[in-house]
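As stored in entry.txt (compact mmCIF, C-alpha atoms and all ligand atoms):
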```txt
# COMPACT_ATOMS: atom_id res chain seq x y z
CA MET A 1 -8.98 -7.98 13.23
CA ILE A 2 -5.28 -7.58 14.11
CA MET A 3 -3.42 -10.79 15.11
CA SER A 4 -1.47 -11.12 18.32
CA LEU A 5 2.25 -11.86 17.96
CA LYS A 6 1.65 -15.34 19.39
CA GLU A 7 -0.97 -16.06 16.74
CA MET A 8 1.31 -14.73 14.01
CA LEU A 9 4.10 -17.06 15.03
CA SER A 10 1.86 -20.13 15.18
CA ASP A 11 2.54 -23.04 12.81
CA ASP A 12 -0.47 -22.16 10.65
CA PHE A 13 1.47 -19.59 8.76
CA SER A 14 5.08 -20.51 9.30
CA GLU A 15 5.39 -21.45 5.62
CA GLU A 16 7.30 -18.91 3.55
CA PHE A 17 6.30 -18.00 -0.02
CA LEU A 18 8.89 -15.23 -0.37
CA LEU A 19 12.26 -16.54 0.76
CA CYS A 20 14.85 -14.64 2.71
CA GLY A 21 18.21 -13.74 1.17
CA ASN A 22 16.55 -11.67 -1.54
CA SER A 23 17.96 -8.29 -2.51
CA ALA A 24 15.43 -5.89 -1.00
CA CYS A 25 17.01 -3.06 1.00
CA SER A 26 17.09 -3.52 4.72
CA GLY A 27 13.83 -2.18 6.16
CA CYS A 28 11.88 -2.39 2.87
CA ALA A 29 8.16 -2.35 3.64
CA SER A 30 7.27 -3.61 0.17
CA GLU A 31 9.17 -6.86 0.74
CA LEU A 32 7.87 -7.23 4.30
CA ALA A 33 4.28 -6.69 3.18
CA LEU A 34 4.55 -9.02 0.19
CA ARG A 35 5.88 -11.75 2.44
CA TRP A 36 2.92 -11.42 4.82
CA ALA A 37 0.36 -10.99 2.05
CA LEU A 38 1.54 -14.27 0.55
CA LYS A 39 1.36 -16.01 3.92
CA ALA A 40 -2.28 -14.95 4.12
CA LEU A 41 -3.08 -15.98 0.54
CA GLY A 42 -1.20 -19.29 0.57
CA SER A 43 0.44 -21.46 -2.06
CA LYS A 44 -2.37 -21.33 -4.62
CA THR A 45 -1.46 -17.79 -5.62
CA VAL A 46 -0.06 -16.31 -8.82
CA VAL A 47 1.61 -12.91 -8.63
CA VAL A 48 2.04 -10.37 -11.43
CA ALA A 49 4.52 -7.57 -10.74
CA PRO A 50 4.92 -4.73 -13.23
CA ALA A 51 8.31 -3.00 -13.52
CA SER A 52 9.34 -1.91 -10.03
CA CYS A 53 11.71 -2.67 -7.15
CA THR A 54 9.82 -5.94 -6.69
CA ASN A 55 11.13 -7.46 -9.96
CA VAL A 56 14.64 -6.68 -8.77
CA TYR A 57 14.53 -7.78 -5.16
CA ILE A 58 12.87 -11.14 -5.91
CA GLY A 59 15.99 -12.05 -7.91
CA LEU A 60 16.50 -14.25 -10.95
CA TRP A 61 15.43 -17.83 -11.55
CA PRO A 62 16.55 -20.37 -10.38
CA GLY A 63 17.57 -18.41 -7.28
CA ALA A 64 14.42 -16.24 -7.12
CA ALA A 65 12.76 -15.62 -3.75
CA PRO A 66 9.08 -16.42 -4.52
CA THR A 67 7.96 -20.03 -4.21
CA VAL A 68 4.66 -19.27 -5.99
CA PRO A 69 4.34 -18.53 -9.74
CA PHE A 70 5.56 -14.97 -10.26
CA ILE A 71 5.37 -13.01 -13.49
CA ASN A 72 7.45 -9.89 -14.14
CA MET A 73 5.37 -7.69 -16.41
CA ALA A 74 5.69 -4.52 -18.50
CA PHE A 75 5.19 -1.33 -16.50
CA ALA A 76 1.70 -0.43 -17.76
CA ALA A 77 0.31 -3.96 -17.86
CA GLY A 78 0.04 -5.16 -14.24
CA ALA A 79 -3.75 -5.31 -14.24
CA SER A 80 -4.25 -6.38 -17.86
CA ALA A 81 -1.83 -9.30 -17.49
CA ALA A 82 -3.67 -10.41 -14.34
CA SER A 83 -6.98 -10.13 -16.23
CA GLY A 84 -5.67 -12.53 -18.87
CA ILE A 85 -4.49 -15.01 -16.25
CA VAL A 86 -7.87 -14.89 -14.49
CA ALA A 87 -9.68 -15.43 -17.81
CA GLY A 88 -7.40 -18.40 -18.57
CA TYR A 89 -8.08 -20.06 -15.23
CA GLU A 90 -11.82 -19.44 -15.64
CA ALA A 91 -11.72 -21.12 -19.07
CA LEU A 92 -10.02 -24.12 -17.45
CA GLY A 93 -12.65 -24.22 -14.69
CA LYS A 94 -10.05 -23.54 -11.98
CA THR A 95 -11.65 -21.39 -9.33
CA ASP A 96 -9.37 -21.86 -6.33
CA ILE A 97 -6.37 -19.79 -7.44
CA ASN A 98 -5.72 -16.27 -6.17
CA VAL A 99 -4.38 -13.92 -8.81
CA MET A 100 -2.70 -10.83 -7.41
CA THR A 101 -1.05 -7.84 -9.04
CA TRP A 102 1.68 -6.42 -6.80
CA ALA A 103 2.56 -2.97 -8.10
CA GLY A 104 4.32 0.18 -6.97
CA ASP A 105 2.62 3.58 -6.94
CA GLY A 106 4.24 4.57 -10.26
CA GLY A 107 2.86 1.41 -11.84
CA THR A 108 -0.56 2.14 -10.33
CA VAL A 109 -1.43 5.80 -9.99
CA ASP A 110 0.46 6.90 -13.12
CA ILE A 111 1.32 4.41 -15.84
CA GLY A 112 -0.93 1.47 -14.86
CA ILE A 113 -4.12 3.35 -14.03
CA GLN A 114 -5.82 2.74 -17.39
CA ALA A 115 -5.36 -1.04 -17.27
CA LEU A 116 -6.35 -1.06 -13.60
CA SER A 117 -9.53 0.94 -14.18
CA GLY A 118 -10.47 -1.32 -17.09
CA ALA A 119 -9.82 -4.55 -15.19
CA ILE A 120 -11.88 -3.58 -12.16
CA GLU A 121 -14.67 -2.11 -14.28
CA ARG A 122 -14.93 -5.51 -16.03
CA GLY A 123 -15.31 -7.16 -12.62
CA THR A 124 -12.09 -9.18 -12.87
CA ASN A 125 -11.82 -11.61 -9.98
CA PHE A 126 -8.42 -10.60 -8.65
CA ILE A 127 -6.54 -8.65 -6.00
CA TYR A 128 -4.67 -5.51 -6.99
CA ALA A 129 -2.20 -4.46 -4.29
CA CYS A 130 -0.42 -1.13 -4.63
CA TYR A 131 2.53 -0.73 -2.30
CA ASP A 132 2.91 3.00 -2.11
CA ASN A 133 6.48 4.10 -1.42
CA GLU A 134 5.49 7.46 -2.91
CA ILE A 135 8.28 7.45 -5.52
CA TYR A 136 9.66 5.62 -8.52
CA ALA A 137 12.20 3.90 -6.29
CA ASN A 138 13.67 1.34 -8.66
CA THR A 139 14.99 3.96 -11.04
CA GLY A 140 16.48 6.14 -8.32
CA THR A 141 13.70 8.14 -6.60
CA GLN A 142 11.77 10.16 -9.16
CA ARG A 143 8.47 11.75 -8.15
CA SER A 144 5.22 9.94 -8.89
CA GLY A 145 1.61 11.11 -8.73
CA SER A 146 1.64 9.63 -5.24
CA THR A 147 4.61 11.63 -3.93
CA PRO A 148 3.44 13.90 -1.10
CA PHE A 149 3.70 17.67 -1.10
CA GLY A 150 7.16 18.89 -0.12
CA ALA A 151 9.02 15.60 -0.64
CA ILE A 152 12.40 15.88 -2.33
CA THR A 153 13.04 13.50 -5.22
CA THR A 154 15.52 13.70 -8.09
CA THR A 155 12.80 15.34 -10.20
CA THR A 156 11.52 17.61 -7.41
CA PRO A 157 14.81 18.85 -5.90
CA TYR A 158 13.05 21.64 -3.96
CA GLY A 159 10.14 19.46 -2.84
CA LYS A 160 7.02 18.43 -4.77
CA PRO A 161 4.78 21.47 -5.25
CA ILE A 162 1.44 19.59 -5.20
CA HIS A 163 -0.26 17.03 -2.97
CA LYS A 164 -0.47 13.31 -3.70
CA LYS A 165 -3.20 11.77 -5.82
CA ASN A 166 -5.85 9.91 -3.83
CA ILE A 167 -5.75 6.62 -5.72
CA SER A 168 -7.82 4.61 -3.24
CA GLN A 169 -10.72 7.09 -3.53
CA ILE A 170 -10.42 6.97 -7.32
CA ILE A 171 -10.69 3.18 -7.16
CA ALA A 172 -13.51 3.34 -4.58
CA ALA A 173 -15.48 5.41 -7.13
CA HIS A 174 -15.51 2.29 -9.33
CA ASP A 175 -17.83 0.70 -6.75
CA ILE A 176 -16.02 -2.64 -6.49
CA PRO A 177 -16.49 -5.25 -3.73
CA TYR A 178 -13.46 -4.21 -1.67
CA VAL A 179 -11.12 -1.24 -1.35
CA GLY A 180 -8.92 -0.85 1.71
CA THR A 181 -5.83 0.90 2.99
CA VAL A 182 -3.17 -0.86 5.04
CA ASN A 183 -0.05 0.04 7.00
CA GLY A 184 2.49 -1.95 4.99
CA ALA A 185 5.07 -1.57 7.75
CA ASP A 186 2.85 -3.59 10.11
CA PRO A 187 2.84 -7.30 9.19
CA ARG A 188 -0.18 -7.97 11.42
CA ASP A 189 -2.24 -5.42 9.51
CA VAL A 190 -1.11 -6.82 6.16
CA PHE A 191 -1.81 -10.41 7.15
CA ALA A 192 -5.25 -9.66 8.58
CA ILE A 193 -6.45 -7.75 5.50
CA PHE A 194 -5.19 -10.24 2.91
CA LYS A 195 -6.67 -13.11 4.92
CA LYS A 196 -9.98 -11.27 4.98
CA ILE A 197 -10.14 -10.47 1.27
CA LYS A 198 -8.84 -13.82 0.04
CA ASP A 199 -12.33 -15.29 -0.38
CA ILE A 200 -14.16 -12.20 -1.61
CA THR A 201 -15.17 -12.61 -5.27
CA GLY A 202 -14.48 -9.83 -7.75
CA PRO A 203 -11.97 -6.99 -7.85
CA ARG A 204 -10.27 -6.14 -4.58
CA PHE A 205 -7.92 -3.18 -4.25
CA VAL A 206 -5.48 -2.82 -1.36
CA HIS A 207 -3.41 0.34 -0.91
CA LEU A 208 -0.40 -0.20 1.35
CA LEU A 209 1.76 2.56 2.75
CA SER A 210 5.28 1.32 2.05
CA PRO A 211 8.04 3.25 3.83
CA CYS A 212 11.31 3.11 1.84
CA PRO A 213 14.45 3.91 3.89
CA PRO A 214 16.74 5.05 1.03
CA GLY A 215 14.02 6.97 -0.82
CA TRP A 216 12.51 8.63 2.25
CA ARG A 217 15.91 9.06 3.92
CA PHE A 218 15.46 7.42 7.29
CA ASP A 219 17.37 4.69 9.07
CA SER A 220 16.00 1.25 8.21
CA SER A 221 15.59 0.43 11.92
CA LEU A 222 12.77 3.02 12.02
CA ILE A 223 10.46 1.35 9.51
CA ALA A 224 7.80 0.27 12.04
CA GLU A 225 7.91 3.65 13.77
CA ILE A 226 7.49 5.58 10.50
CA GLY A 227 4.47 3.44 9.56
CA ARG A 228 2.96 3.87 13.02
CA LEU A 229 3.50 7.65 12.99
CA ALA A 230 1.85 7.93 9.56
CA VAL A 231 -1.28 6.33 11.02
CA ASP A 232 -1.12 8.17 14.36
CA CYS A 233 -0.89 11.62 12.75
CA GLY A 234 -3.66 10.75 10.29
CA ILE A 235 -1.66 11.29 7.11
CA TRP A 236 -2.30 7.61 6.33
CA ILE A 237 -5.90 6.73 7.14
CA LEU A 238 -6.92 3.10 7.66
CA TRP A 239 -10.32 2.59 6.03
CA GLU A 240 -12.27 0.04 4.04
CA GLN A 241 -15.12 0.23 1.60
CA GLU A 242 -16.92 -3.10 1.38
CA ASN A 243 -19.77 -3.32 -1.13
CA GLY A 244 -20.26 0.43 -0.93
CA GLU A 245 -20.10 0.61 2.90
CA PHE A 246 -17.30 2.83 4.14
CA HIS A 247 -15.75 2.45 7.58
CA LEU A 248 -12.62 3.43 9.43
CA ARG A 249 -10.65 0.62 10.95
CA GLY A 250 -7.86 -0.06 13.42
CA LYS A 251 -6.32 2.92 15.17
CA SER A 252 -7.89 5.32 12.67
CA ARG A 253 -11.33 4.72 14.21
CA ARG A 254 -10.50 7.03 17.10
CA LEU A 255 -8.78 9.71 15.03
CA LEU A 256 -11.94 11.39 13.74
CA ASP A 257 -11.56 13.40 16.92
CA LYS A 258 -8.66 15.70 15.97
CA SER A 259 -7.38 15.84 19.54
CA ASN A 260 -6.41 12.16 19.24
CA ARG A 261 -4.19 12.81 16.21
CA LYS A 262 -0.47 13.57 16.54
CA PRO A 263 0.77 16.66 14.67
CA VAL A 264 2.20 15.82 11.24
CA ASP A 265 5.58 17.38 12.01
CA GLU A 266 6.47 14.36 14.19
CA TYR A 267 6.21 12.24 11.05
CA ILE A 268 7.76 14.76 8.67
CA LYS A 269 10.80 15.63 10.79
CA LYS A 270 11.89 11.98 10.95
CA GLN A 271 12.44 11.84 7.18
CA GLY A 272 15.25 13.42 5.16
CA ARG A 273 13.04 13.71 2.08
CA PHE A 274 11.27 16.61 3.80
CA ARG A 275 14.50 18.34 4.88
CA LYS A 276 13.83 21.48 2.84
CA MET A 277 10.31 21.92 4.18
CA THR A 278 9.55 25.19 5.92
CA GLN A 279 7.08 25.61 8.79
CA GLU A 280 4.70 27.04 6.18
CA GLY A 281 5.01 23.80 4.21
CA ILE A 282 4.37 21.70 7.32
CA ASN A 283 1.26 23.81 8.03
CA LYS A 284 0.10 23.17 4.47
CA ILE A 285 0.39 19.40 4.95
CA GLN A 286 -1.40 19.65 8.30
CA GLN A 287 -4.26 21.54 6.62
CA TRP A 288 -4.43 18.92 3.87
CA VAL A 289 -4.57 16.13 6.45
CA ASP A 290 -7.28 17.93 8.46
CA GLY A 291 -9.24 18.48 5.23
CA ASN A 292 -9.04 14.77 4.40
CA TRP A 293 -10.46 13.98 7.84
CA LEU A 294 -13.29 16.46 7.38
CA ALA A 295 -14.22 14.68 4.15
CA ILE A 296 -14.15 11.33 5.99
CA GLU A 297 -16.35 12.77 8.74
CA LYS A 298 -18.93 13.82 6.14
CA THR A 299 -18.86 10.34 4.58
CA VAL A 300 -19.26 8.63 7.95
CA LYS A 301 -22.07 10.98 9.05
CA GLY A 302 -23.77 10.64 5.64
CA GLN A 303 -24.01 6.88 6.18
CA CYS A 304 -25.58 7.14 9.64
C1 LIG B 401 7.43 2.04 -20.10
C2 LIG B 401 8.52 2.07 -19.08
N1 LIG B 401 9.00 3.24 -18.66
C3 LIG B 401 9.97 3.28 -17.72
C4 LIG B 401 10.48 2.12 -17.21
C5 LIG B 401 11.60 2.17 -16.18
N2 LIG B 401 11.14 1.83 -14.87
C6 LIG B 401 11.26 0.58 -14.35
S1 LIG B 401 10.73 0.45 -12.78
C7 LIG B 401 10.35 2.10 -12.76
C8 LIG B 401 9.84 2.75 -11.50
C9 LIG B 401 8.67 2.01 -10.91
O1 LIG B 401 8.11 2.80 -9.87
P1 LIG B 401 6.99 2.20 -8.96
O2 LIG B 401 5.91 1.61 -9.78
O3 LIG B 401 6.58 3.26 -8.02
O4 LIG B 401 7.69 1.01 -8.19
P2 LIG B 401 9.00 1.08 -7.25
O5 LIG B 401 10.18 1.16 -8.17
O6 LIG B 401 8.86 2.28 -6.40
O7 LIG B 401 8.99 -0.20 -6.50
C10 LIG B 401 10.62 2.72 -13.97
C11 LIG B 401 10.41 4.16 -14.26
C12 LIG B 401 9.95 0.89 -17.69
N3 LIG B 401 10.35 -0.30 -17.21
N4 LIG B 401 8.97 0.88 -18.62
S1 LIG B 402 14.45 1.26 -2.80
FE1 LIG B 402 12.77 1.28 -1.31
S2 LIG B 402 11.08 0.07 -2.22
FE2 LIG B 402 12.98 -0.36 -3.36
S3 LIG B 402 13.80 -2.25 -2.40
FE3 LIG B 402 14.78 -0.47 -1.40
S4 LIG B 402 13.46 -0.01 0.40
FE4 LIG B 402 12.29 -1.35 -0.99
```
Please render this file's structure as C-alpha cells.
Amino acid sequence: MIMSLKEMLSDDFSEEFLLCGNSACSGCASELALRWALKALGSKTVVVAPASCTNVYIGLWPGAAPTVPFINMAFAAGASAASGIVAGYEALGKTDINVMTWAGDGGTVDIGIQALSGAIERGTNFIYACYDNEIYANTGTQRSGSTPFGAITTTTPYGKPIHKKNISQIIAAHDIPYVGTVNGADPRDVFAIFKKIKDITGPRFVHLLSPCPPGWRFDSSLIAEIGRLAVDCGIWILWEQENGEFHLRGKSRRLLDKSNRKPVDEYIKKQGRFRKMTQEGINKIQQWVDGNWLAIEKTVKGQC
C-alpha cells in the first residue's frame, strides 16, 4: 500500500540511515531510493554495494553517508558477499539483521548475474535490490544489458540496437519468495515495498527504475515526472510475484487496458538519451511495450 505524505513525514521514520551532504548528483533516484529503503528496513541492516555510483556517492569513512554497516564490494561479488554475511550471522545465531545487496544494473544483469543466480538458488535469506539506471553510470555512461533500445551511451553513439534484458523475469524464473518492481523515483513506493518485504524469509529481489539526470539527459527537477511517465506509459510495469503468485500493483493495475496507457513518446521525448531516435524507433519501442503487456495479460488470465 502507498503511504500518504502525512504518514511518510511522521516521527516513525524520521530517522536517517543515509545522511545528506553526500556526493550523489542532484535528482539521483538511486540515492533517493536507498535512503527510503533504509528507512523501511531500519538500523539493523547491513548493506553490500558492488562497484557502482553508490560506492562513490556514499563518500569515504569517517565522513561517509550511511549510518548502518556498509561494505563496498568487487563488481561481480554483490550477491556472494551478502551470502557470506548471511551465513556468518546464521552461525552466530543472529536472526534479526537484514542483509541487503544494493547494486546497479551493470552489477546485476551483466557482471553480477552468476553470483546472484547462485545466491537465490541456494535460498539465501537476503534482499537483492537492483537500481536500474539503464547504464554503467559511474564510469561515464556505457551501455549495459539493461539499456533500452535506442538509448545513446558512449558505447552506443547511434542508440542501442537491441531491447533491454528482462532481469526481473529471469529472477522470477528462480521461483523465490518475492520478486517485485518499484518506481525508484517515488519514495512512497520504495518505502512501502521495503517495509513489506523486510520480514519475508528467503531471497527477495527488488528491481527499481532509477532515473539518472546526467546519463539520461534530463533536468534533475524532472526526476519524479520521468518516473511517473515510465509507469503511466507502461514501459516500467509495477508487478510482484509472491510465492509464485503474480499480480500487478499500484497504477499498473489499470494499464492492462491499453487505452489507459500514455504513448511512449511522451516519456522518450523528455530525455536527451533518445535524441537520435526516429519515429520508426519510437514505434518499435511502443510495439515492445505492447508486447510486454500482452505477455502480462496471458500470465494474469492463466492464473484466473
Ligand atoms: C571487474 C571490474 N570491471 C570494471 C570496473 C569499473 N567499474 C566500476 S563501477 C562500473 C559501472 C557500474 O555500473 P552499474 O552496476 O550499472 O552501476 P552505476 O555505476 O550505474 O551506479 C564499472 C564498469 C570494476 N570496478 N570492476
Ligand atoms: S550518475 Fe546517475 S546514478 Fe550516478 S550518482 Fe549521478 S544521478 Fe545517480
Can you tell me, as a PDB file with C-alpha atoms, keeping the file's coordinate frame, what residues are no more than 7 Å from stretch 146-153 of chain A when counting all atoms listed in the file, ignoring any on the same chain fewer than 5 positions away?
```
ATOM      1  CA  ASP A 105       2.620   3.580  -6.940  1.00  0.00           C
ATOM      2  CA  VAL A 109      -1.430   5.800  -9.990  1.00  0.00           C
ATOM      3  CA  GLU A 134       5.490   7.460  -2.910  1.00  0.00           C
ATOM      4  CA  ILE A 135       8.280   7.450  -5.520  1.00  0.00           C
ATOM      5  CA  THR A 141      13.700   8.140  -6.600  1.00  0.00           C
ATOM      6  CA  TYR A 158      13.050  21.640  -3.960  1.00  0.00           C
ATOM      7  CA  GLY A 159      10.140  19.460  -2.840  1.00  0.00           C
ATOM      8  CA  LYS A 160       7.020  18.430  -4.770  1.00  0.00           C
ATOM      9  CA  PRO A 161       4.780  21.470  -5.250  1.00  0.00           C
ATOM     10  CA  ILE A 162       1.440  19.590  -5.200  1.00  0.00           C
ATOM     11  CA  HIS A 163      -0.260  17.030  -2.970  1.00  0.00           C
ATOM     12  CA  LYS A 164      -0.470  13.310  -3.700  1.00  0.00           C
ATOM     13  CA  LYS A 165      -3.200  11.770  -5.820  1.00  0.00           C
ATOM     14  CA  ARG A 273      13.040  13.710   2.080  1.00  0.00           C
ATOM     15  CA  PHE A 274      11.270  16.610   3.800  1.00  0.00           C
ATOM     16  CA  MET A 277      10.310  21.920   4.180  1.00  0.00           C
ATOM     17  CA  GLY A 281       5.010  23.800   4.210  1.00  0.00           C
TER      18      GLY A 281
END
```
Pick out the closest residue to ligand LIG 402 (chain B) from this set: A:Phe194, A:Tyr178, A:Trp216, A:Phe17. Count only C-alpha atoms and all ligand atoms.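 Closest to ligand LIG 402 (chain B), using only C-alpha atoms and all ligand atoms: A:Trp216.
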For A:Trp102, which residue out of A:Tyr89, A:Ala137, A:Lys196, A:Phe205 is the nearest one, using all atoms listed in the file?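 Result for the nearest residue to A:Trp102: A:Phe205.
The spacing separating atom CA of A:Tyr267 from atom CA of A:Leu229 amounts to 5.7 Å.
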Compute the distance from (5.6, -6.3, 6.4) to each atom, counting only C-alpha atoms, keep the residues with any atom at most 10 Å away, and return them as a PyMOL selection string; use the coordinates of the file. chain A and resi 27-37+183-191+208+210+223-224
Output the selection as a PDB file, in the frame of the given file - C-alpha atoms for each residue.
```
ATOM      1  CA  GLY A  27      13.830  -2.180   6.160  1.00  0.00           C
ATOM      2  CA  CYS A  28      11.880  -2.390   2.870  1.00  0.00           C
ATOM      3  CA  ALA A  29       8.160  -2.350   3.640  1.00  0.00           C
ATOM      4  CA  SER A  30       7.270  -3.610   0.170  1.00  0.00           C
ATOM      5  CA  GLU A  31       9.170  -6.860   0.740  1.00  0.00           C
ATOM      6  CA  LEU A  32       7.870  -7.230   4.300  1.00  0.00           C
ATOM      7  CA  ALA A  33       4.280  -6.690   3.180  1.00  0.00           C
ATOM      8  CA  LEU A  34       4.550  -9.020   0.190  1.00  0.00           C
ATOM      9  CA  ARG A  35       5.880 -11.750   2.440  1.00  0.00           C
ATOM     10  CA  TRP A  36       2.920 -11.420   4.820  1.00  0.00           C
ATOM     11  CA  ALA A  37       0.360 -10.990   2.050  1.00  0.00           C
ATOM     12  CA  ASN A 183      -0.050   0.040   7.000  1.00  0.00           C
ATOM     13  CA  GLY A 184       2.490  -1.950   4.990  1.00  0.00           C
ATOM     14  CA  ALA A 185       5.070  -1.570   7.750  1.00  0.00           C
ATOM     15  CA  ASP A 186       2.850  -3.590  10.110  1.00  0.00           C
ATOM     16  CA  PRO A 187       2.840  -7.300   9.190  1.00  0.00           C
ATOM     17  CA  ARG A 188      -0.180  -7.970  11.420  1.00  0.00           C
ATOM     18  CA  ASP A 189      -2.240  -5.420   9.510  1.00  0.00           C
ATOM     19  CA  VAL A 190      -1.110  -6.820   6.160  1.00  0.00           C
ATOM     20  CA  PHE A 191      -1.810 -10.410   7.150  1.00  0.00           C
ATOM     21  CA  LEU A 208      -0.400  -0.200   1.350  1.00  0.00           C
ATOM     22  CA  SER A 210       5.280   1.320   2.050  1.00  0.00           C
ATOM     23  CA  ILE A 223      10.460   1.350   9.510  1.00  0.00           C
ATOM     24  CA  ALA A 224       7.800   0.270  12.040  1.00  0.00           C
TER      25      ALA A 224
END
```
Tell me which protein, DNA and RNA residues are within 9 Å of A:Tyr136, counting all atoms listed in the file, leaving out same-chain ones fewer than 3 positions away, and put them as an mmCIF file with C-alpha atoms, in the coordinates of the input.
```cif
data_model
loop_
_atom_site.group_PDB
_atom_site.id
_atom_site.type_symbol
_atom_site.label_atom_id
_atom_site.label_comp_id
_atom_site.auth_asym_id
_atom_site.auth_seq_id
_atom_site.Cartn_x
_atom_site.Cartn_y
_atom_site.Cartn_z
ATOM 1 C CA SER A 52 9.340 -1.910 -10.030
ATOM 2 C CA CYS A 53 11.710 -2.670 -7.150
ATOM 3 C CA GLY A 104 4.320 0.180 -6.970
ATOM 4 C CA ASP A 105 2.620 3.580 -6.940
ATOM 5 C CA GLY A 106 4.240 4.570 -10.260
ATOM 6 C CA GLY A 107 2.860 1.410 -11.840
ATOM 7 C CA ASN A 133 6.480 4.100 -1.420
ATOM 8 C CA THR A 139 14.990 3.960 -11.040
ATOM 9 C CA GLY A 140 16.480 6.140 -8.320
ATOM 10 C CA THR A 141 13.700 8.140 -6.600
ATOM 11 C CA GLN A 142 11.770 10.160 -9.160
ATOM 12 C CA ARG A 143 8.470 11.750 -8.150
ATOM 13 C CA SER A 144 5.220 9.940 -8.890
ATOM 14 C CA GLY A 215 14.020 6.970 -0.820
#
```
Would you compute the distance between atom CA of A:Lys251 and atom CA of A:Asp232? Give it in Å to one decimal.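 Atom CA of A:Lys251 sits 7.4 Å away from atom CA of A:Asp232.
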Find the residues around stretch 298-302 of chain A up to 12 Å (all atoms listed in the file counted), leave out those fewer than 2 positions away in its own chain, and share them as a PyMOL selection string. chain A and resi 169+239-241+244-248+253+256+291-296+304
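Taking atom CA of A:Thr124 and atom CA of A:Pro203 as endpoints, the distance between them is 5.5 Å.
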Nearest residue to ligand LIG 402 (chain B) out of A:Ala64, A:Ala173, A:Ile58, A:Leu116, using all atoms listed in the file?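 Closest residue, counting all atoms listed in the file: A:Ile58.
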Put the listed atoms of ligand LIG 402 (chain B) in a box along x, y and z with 3 Å added on every side and give me the centre and edge lengths in Å to one decimal, as AutoDock Vina command-line options.
```
--center_x 12.9 --center_y -0.5 --center_z -1.5 --size_x 9.7 --size_y 9.5 --size_z 9.8
```
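For the point (15.0, -8.4, -5.2) in file coordinates, the residues within 6 Å, using only C-alpha atoms, are Asn22, Ser23, Ala24, Thr54, Val56, Tyr57, Ile58 and Gly59 of chain A.
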Of the candidates A:Cys130, A:Ala79, A:Leu41, A:Ile171, which one gets nearest to ligand LIG 402 (chain B) if we count only C-alpha atoms and all ligand atoms?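 Closest residue, counting only C-alpha atoms and all ligand atoms: A:Cys130.
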Residue nearest A:Leu209 - candidates A:Lys258, A:Asn138, A:Tyr131, A:Lys39, atoms counted: only C-alpha atoms: A:Tyr131
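The shortest atom-to-atom distance to ligand LIG 402 (chain B), with only C-alpha atoms and all ligand atoms taken into account, belongs to A:Cys212 out of A:Ala115, A:Ile282, A:Ala103, A:Cys212.
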Have stretch 114-125 of chain A completed to N, CA and C atoms, please, and pass it along as a CSV table (one decimal), keeping the file's coordinate frame.
```csv
chain,number,residue,atom,x,y,z
A,114,GLN,N,-4.8,3.1,-16.3
A,114,GLN,CA,-5.8,2.7,-17.4
A,114,GLN,C,-6.2,1.3,-17.4
A,115,ALA,N,-5.1,0.4,-17.3
A,115,ALA,CA,-5.4,-1.0,-17.3
A,115,ALA,C,-6.1,-1.4,-16.0
A,116,LEU,N,-5.7,-0.8,-14.9
A,116,LEU,CA,-6.4,-1.1,-13.6
A,116,LEU,C,-7.8,-0.7,-13.6
A,117,SER,N,-8.1,0.5,-14.1
A,117,SER,CA,-9.5,0.9,-14.2
A,117,SER,C,-10.3,0.0,-15.1
A,118,GLY,N,-9.8,-0.4,-16.2
A,118,GLY,CA,-10.5,-1.3,-17.1
A,118,GLY,C,-10.7,-2.7,-16.4
A,119,ALA,N,-9.7,-3.2,-15.8
A,119,ALA,CA,-9.8,-4.6,-15.2
A,119,ALA,C,-10.9,-4.6,-14.1
A,120,ILE,N,-10.9,-3.6,-13.3
A,120,ILE,CA,-11.9,-3.6,-12.2
A,120,ILE,C,-13.3,-3.2,-12.7
A,121,GLU,N,-13.4,-2.4,-13.7
A,121,GLU,CA,-14.7,-2.1,-14.3
A,121,GLU,C,-15.3,-3.4,-14.9
A,122,ARG,N,-14.4,-4.3,-15.4
A,122,ARG,CA,-14.9,-5.5,-16.0
A,122,ARG,C,-15.3,-6.5,-15.0
A,123,GLY,N,-15.0,-6.2,-13.7
A,123,GLY,CA,-15.3,-7.2,-12.6
A,123,GLY,C,-14.3,-8.3,-12.5
A,124,THR,N,-13.1,-8.1,-12.9
A,124,THR,CA,-12.1,-9.2,-12.9
A,124,THR,C,-11.9,-9.7,-11.4
A,125,ASN,N,-11.9,-11.0,-11.3
A,125,ASN,CA,-11.8,-11.6,-10.0
A,125,ASN,C,-10.4,-11.7,-9.5
```
